[in-house]
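What follows is the content of query_13.txt, which has compact mmCIF, C-alpha atoms:
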# COMPACT_ATOMS: atom_id res chain seq x y z
CA SER S 85 70.58 106.74 75.75
CA GLU S 86 73.16 108.43 73.55
CA ARG S 87 71.90 111.82 74.73
CA CYS S 88 72.81 110.98 78.32
CA MET S 89 76.27 109.58 77.62
CA ARG S 90 79.03 111.89 78.86
CA ALA S 91 76.51 114.48 80.00
CA VAL S 92 77.37 114.65 83.73
CA VAL S 93 80.58 116.14 85.13
CA LYS S 94 82.54 113.59 87.17
CA ASN S 95 82.80 114.46 90.84
CA PRO S 96 86.18 113.78 92.50
CA VAL S 97 85.25 110.25 93.61
CA GLN S 98 84.01 109.32 90.13
CA PHE S 99 87.16 110.83 88.66
CA ALA S 100 89.80 109.33 90.97
CA ALA S 101 88.15 106.04 91.94
CA GLY S 102 87.17 105.49 88.32
CA THR S 103 90.78 105.71 87.16
CA LEU S 104 91.86 103.36 89.96
CA ARG S 105 89.24 100.84 88.86
CA GLN S 106 90.25 101.21 85.23
CA LEU S 107 93.83 100.35 86.23
CA GLY S 108 92.56 97.28 88.09
CA LEU S 109 93.70 98.54 91.47
CA GLY S 110 90.50 97.53 93.25
CA GLN S 111 91.34 93.84 92.96
CA ARG S 112 95.03 94.42 93.75
CA VAL S 113 94.27 96.35 96.93
CA GLU S 114 91.84 93.66 98.02
CA ALA S 115 94.54 91.01 97.51
CA LEU S 116 97.15 93.07 99.36
CA PHE S 117 94.90 93.51 102.39
CA ALA S 118 94.04 89.78 102.37
CA ASP S 119 97.73 88.84 102.52
CA THR S 120 98.57 89.19 106.22
CA SER S 121 102.03 87.65 105.85
CA GLN S 122 103.57 90.94 104.80
CA LYS S 123 102.83 94.60 105.10
CA ASN S 124 102.50 96.47 101.85
CA ALA S 125 102.44 100.22 102.32
CA ARG S 126 101.64 100.87 98.66
CA GLY S 127 98.49 98.77 98.78
CA GLY S 128 97.38 100.28 102.07
CA ALA S 129 98.06 103.75 100.73
CA VAL S 130 95.46 103.53 97.95
CA PRO S 131 92.46 104.47 100.11
CA LEU S 132 94.49 107.21 101.79
CA LEU S 133 95.66 108.65 98.46
CA LEU S 134 92.09 108.52 97.17
CA SER S 135 90.88 110.44 100.20
CA ILE S 136 93.67 113.04 99.98
CA THR S 137 93.10 113.50 96.26
CA CYS S 138 89.33 113.88 96.59
CA LYS S 139 89.85 116.43 99.35
CA SER S 140 92.28 118.42 97.18
CA MET S 141 89.58 118.42 94.46
CA GLY S 142 87.04 119.81 96.92
CA MET S 143 85.30 116.68 98.21
CA ASP S 144 86.34 115.77 101.76
CA LEU S 145 85.00 112.22 101.89
CA LEU S 146 82.50 111.57 104.69
CA PHE S 147 82.40 115.29 105.49
CA PRO S 148 79.88 116.98 103.18
CA PRO S 149 79.57 120.76 103.50
CA ASP S 150 76.03 120.46 104.89
CA VAL S 151 73.16 118.00 105.22
CA SER S 152 72.24 118.37 101.55
CA GLY S 153 75.59 116.89 100.53
CA TRP S 154 77.88 118.05 97.79
CA LYS S 155 76.91 120.04 94.74
CA SER S 156 76.99 118.34 91.38
CA GLY S 157 77.77 119.15 87.79
CA ASP S 158 79.89 122.15 86.88
CA ALA S 159 80.61 122.84 90.57
CA TRP S 160 83.51 120.36 90.28
CA ILE S 161 85.27 122.21 87.48
CA SER S 162 87.48 125.18 88.27
CA SER S 163 91.06 126.11 87.47
CA ALA S 164 92.15 124.76 90.88
CA THR S 165 90.33 121.43 90.56
CA MET S 166 91.58 120.96 87.00
CA VAL S 167 95.16 121.32 88.24
CA GLU S 168 94.44 118.67 90.89
CA ARG S 169 92.87 116.37 88.29
CA MET S 170 95.99 116.67 86.15
CA LYS S 171 98.24 116.06 89.18
CA TRP S 172 96.42 112.77 89.76
CA SER S 173 98.45 111.32 86.88
CA ASP S 174 101.67 112.07 88.75
CA ILE S 175 100.32 110.39 91.87
CA LEU S 176 99.21 107.30 89.94
CA PHE S 177 102.43 106.86 88.03
CA GLY S 178 104.99 107.84 90.66
CA ARG S 179 106.21 111.32 89.88
CA PHE S 180 104.62 113.28 92.72
CA VAL S 181 107.23 114.53 95.18
CA ALA S 182 106.58 117.11 97.91
CA GLY S 183 103.79 118.88 96.06
CA LYS S 184 105.38 119.00 92.62
CA ALA S 185 106.09 116.73 89.70
CA SER S 186 109.64 115.45 89.65
CA LYS S 187 111.86 112.98 87.85
CA ALA S 188 113.26 111.99 91.25
CA ALA S 189 112.49 108.71 92.98
CA PRO S 190 108.83 108.26 93.91
CA ALA S 191 107.73 109.68 97.23
CA SER S 192 105.42 107.97 99.68
CA ARG S 193 102.42 109.85 98.24
CA THR S 194 102.46 107.93 94.97
CA LEU S 195 101.19 104.62 93.73
CA ASN S 196 104.00 104.16 91.20
CA TYR S 197 101.76 101.90 89.11
CA PRO S 198 103.83 99.44 87.02
CA VAL S 199 103.00 100.95 83.62
CA PHE S 200 105.27 98.78 81.51
CA SER S 201 103.12 95.77 82.40
CA LEU S 202 100.28 97.40 80.43
CA VAL S 203 102.26 97.52 77.20
CA LYS S 204 104.52 94.46 77.26
CA ASP S 205 103.04 93.31 73.93
CA THR S 206 103.43 96.72 72.23
CA PRO S 207 106.28 98.48 74.06
CA SER S 208 106.30 101.77 72.18
CA PRO S 209 105.27 105.35 72.96
CA ARG S 210 102.40 105.03 70.49
CA GLY S 211 101.33 101.69 72.02
CA LEU S 212 101.31 103.30 75.47
CA VAL S 213 99.08 106.15 74.28
CA ASP S 214 96.67 103.79 72.54
CA ARG S 215 96.48 101.58 75.65
CA LEU S 216 95.86 104.51 78.04
CA VAL S 217 93.19 106.05 75.78
CA VAL S 218 91.30 102.75 75.70
CA LEU S 219 91.92 101.96 79.36
CA PHE S 220 90.66 105.35 80.56
CA ASP S 221 87.85 105.42 77.97
CA ALA S 222 88.99 108.82 76.75
CA PRO S 223 86.99 109.87 73.67
CA LEU S 224 89.66 112.08 72.12
CA SER S 225 89.79 113.32 68.52
CA GLY S 226 92.63 112.50 66.16
CA SER S 227 94.39 115.84 66.65
CA LYS S 228 94.28 115.46 70.44
CA LYS S 229 95.65 111.93 70.18
CA ASP S 230 98.49 113.36 68.08
CA LYS S 231 99.37 115.61 71.03
CA LEU S 232 99.40 112.53 73.28
CA TYR S 233 101.72 110.71 70.86
CA GLN S 234 104.02 113.72 70.89
CA ALA S 235 104.03 113.88 74.71
CA ALA S 236 104.90 110.16 74.89
CA ASP S 237 107.67 110.58 72.33
CA ASP S 238 109.08 113.57 74.22
CA ALA S 239 109.03 111.70 77.54
CA THR S 240 110.69 108.57 76.12
CA GLY S 241 112.97 109.90 73.43
CA GLY S 242 111.08 107.65 71.04
CA THR S 243 111.80 104.36 72.83
CA LEU S 244 109.61 103.06 75.63
CA THR S 245 111.46 101.15 78.36
CA GLU S 246 110.65 100.00 81.88
CA ASP S 247 112.70 102.94 83.16
CA ASN S 248 110.77 105.65 81.30
CA ALA S 249 107.30 104.08 81.00
CA ASN S 250 105.95 105.71 84.16
CA MET S 251 107.24 109.15 83.19
CA ALA S 252 105.62 108.78 79.77
CA ALA S 253 102.35 107.53 81.27
CA ALA S 254 102.27 110.49 83.66
CA ALA S 255 102.79 112.93 80.78
CA VAL S 256 100.09 111.30 78.64
CA ALA S 257 97.60 110.83 81.49
CA ARG S 258 98.08 114.47 82.53
CA LEU S 259 96.82 115.53 79.11
CA ILE S 260 93.98 112.99 79.16
CA PHE S 261 92.87 113.99 82.66
CA GLY S 262 92.95 117.67 81.71
CA SER S 263 90.93 117.25 78.53
CA PRO S 264 87.36 118.54 78.51
CA GLU S 265 86.12 115.20 77.14
CA PHE S 266 87.45 113.25 80.14
CA GLN S 267 85.53 115.37 82.67
CA PHE S 268 82.19 113.76 81.82
CA CYS S 269 80.69 110.38 82.64
So that I can check it, write out the structure of this file as structure tokens.
Amino acid sequence: SERCMRAVVKNPVQFAAGTLRQLGLGQRVEALFADTSQKNARGGAVPLLLSITCKSMGMDLLFPPDVSGWKSGDAWISSATMVERMKWSDILFGRFVAGKASKAAPASRTLNYPVFSLVKDTPSPRGLVDRLVVLFDAPLSGSKKDKLYQAADDATGGTLTEDNANMAAAAVARLIFGSPEFQFC
């Protein structure tokens, strides 16, 4: 029912695995593991990055704190876990280097998702924001979307290219992932 929609706080698995699914990485990882002709560290890293990320958000997969399992609801929201949720954008889009966001080349703890492929038809900062809002099912108000447009413009200088698309996506997704609206499923 409408009353139940967006009423439960996402736990770390729902948060991180949900964004991976929304980006279509489930099928890509499956295909990478099926292809035995070549090793692909990025594809194999997805489950590892998911595990590391969930642990940094307080959920050590397969190791619940006790036999009752993990807590639910507001237990997943704190200043520390919100920082980790926002950092997830840097891991997804290739800006996470040695524990901090950087414009340097992607480190091994990133997915470096090919963002430009999402917006080939509308390659603009505004097109990127609109695509990510729909893709991540982020129910943001007009004024919050304006902030996303501004972040995308700032990251791209007003022109979206293959070279700056990931930096812009990380900046926009950081704001989406940190928004109160995105914390609920």
Neighbouring residues of stretch 212-216 of chain S were defined as those with any atom within 8 Å, considering all atoms listed in the file; residues of the same chain fewer than 3 positions away were excluded. Please report them as number ranges by chain. S: 202-203, 206-209, 219-220, 229, 232-233, 236, 253, 256-257
As an exercise, work out the distance from atom CA of S:Gly178 to atom CA of S:Ala249 in Å and give it to one decimal place.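 Atom CA of S:Gly178 sits 10.6 Å away from atom CA of S:Ala249.
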Length of the atom CA of S:Phe266 to atom CA of S:Leu134 vector [Å]: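 Going from atom CA of S:Phe266 over to atom CA of S:Leu134 covers 18.3 Å.
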May I ask which of the residues S:Ser227, S:Arg258, S:Asp238, S:Val218 is the closest one to S:Glu168, counting all atoms listed in the file? S:Arg258
Nearest to S:Thr245 by atom-to-atom distance, counting only C-alpha atoms, from S:Ile260, S:Ile175, S:Ala222, S:Val199: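 Ranked by minimum distance to S:Thr245, first place goes to S:Val199.
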Taking 2 positions as the minimum chain separation for residues in the same chain, which residues sit within 6 Å of stretch 91-101 of chain S when counting only C-alpha atoms? Answer as a VMD selection string. chain S and resid 88 to 89 103 to 104 138 157 160 267 to 269
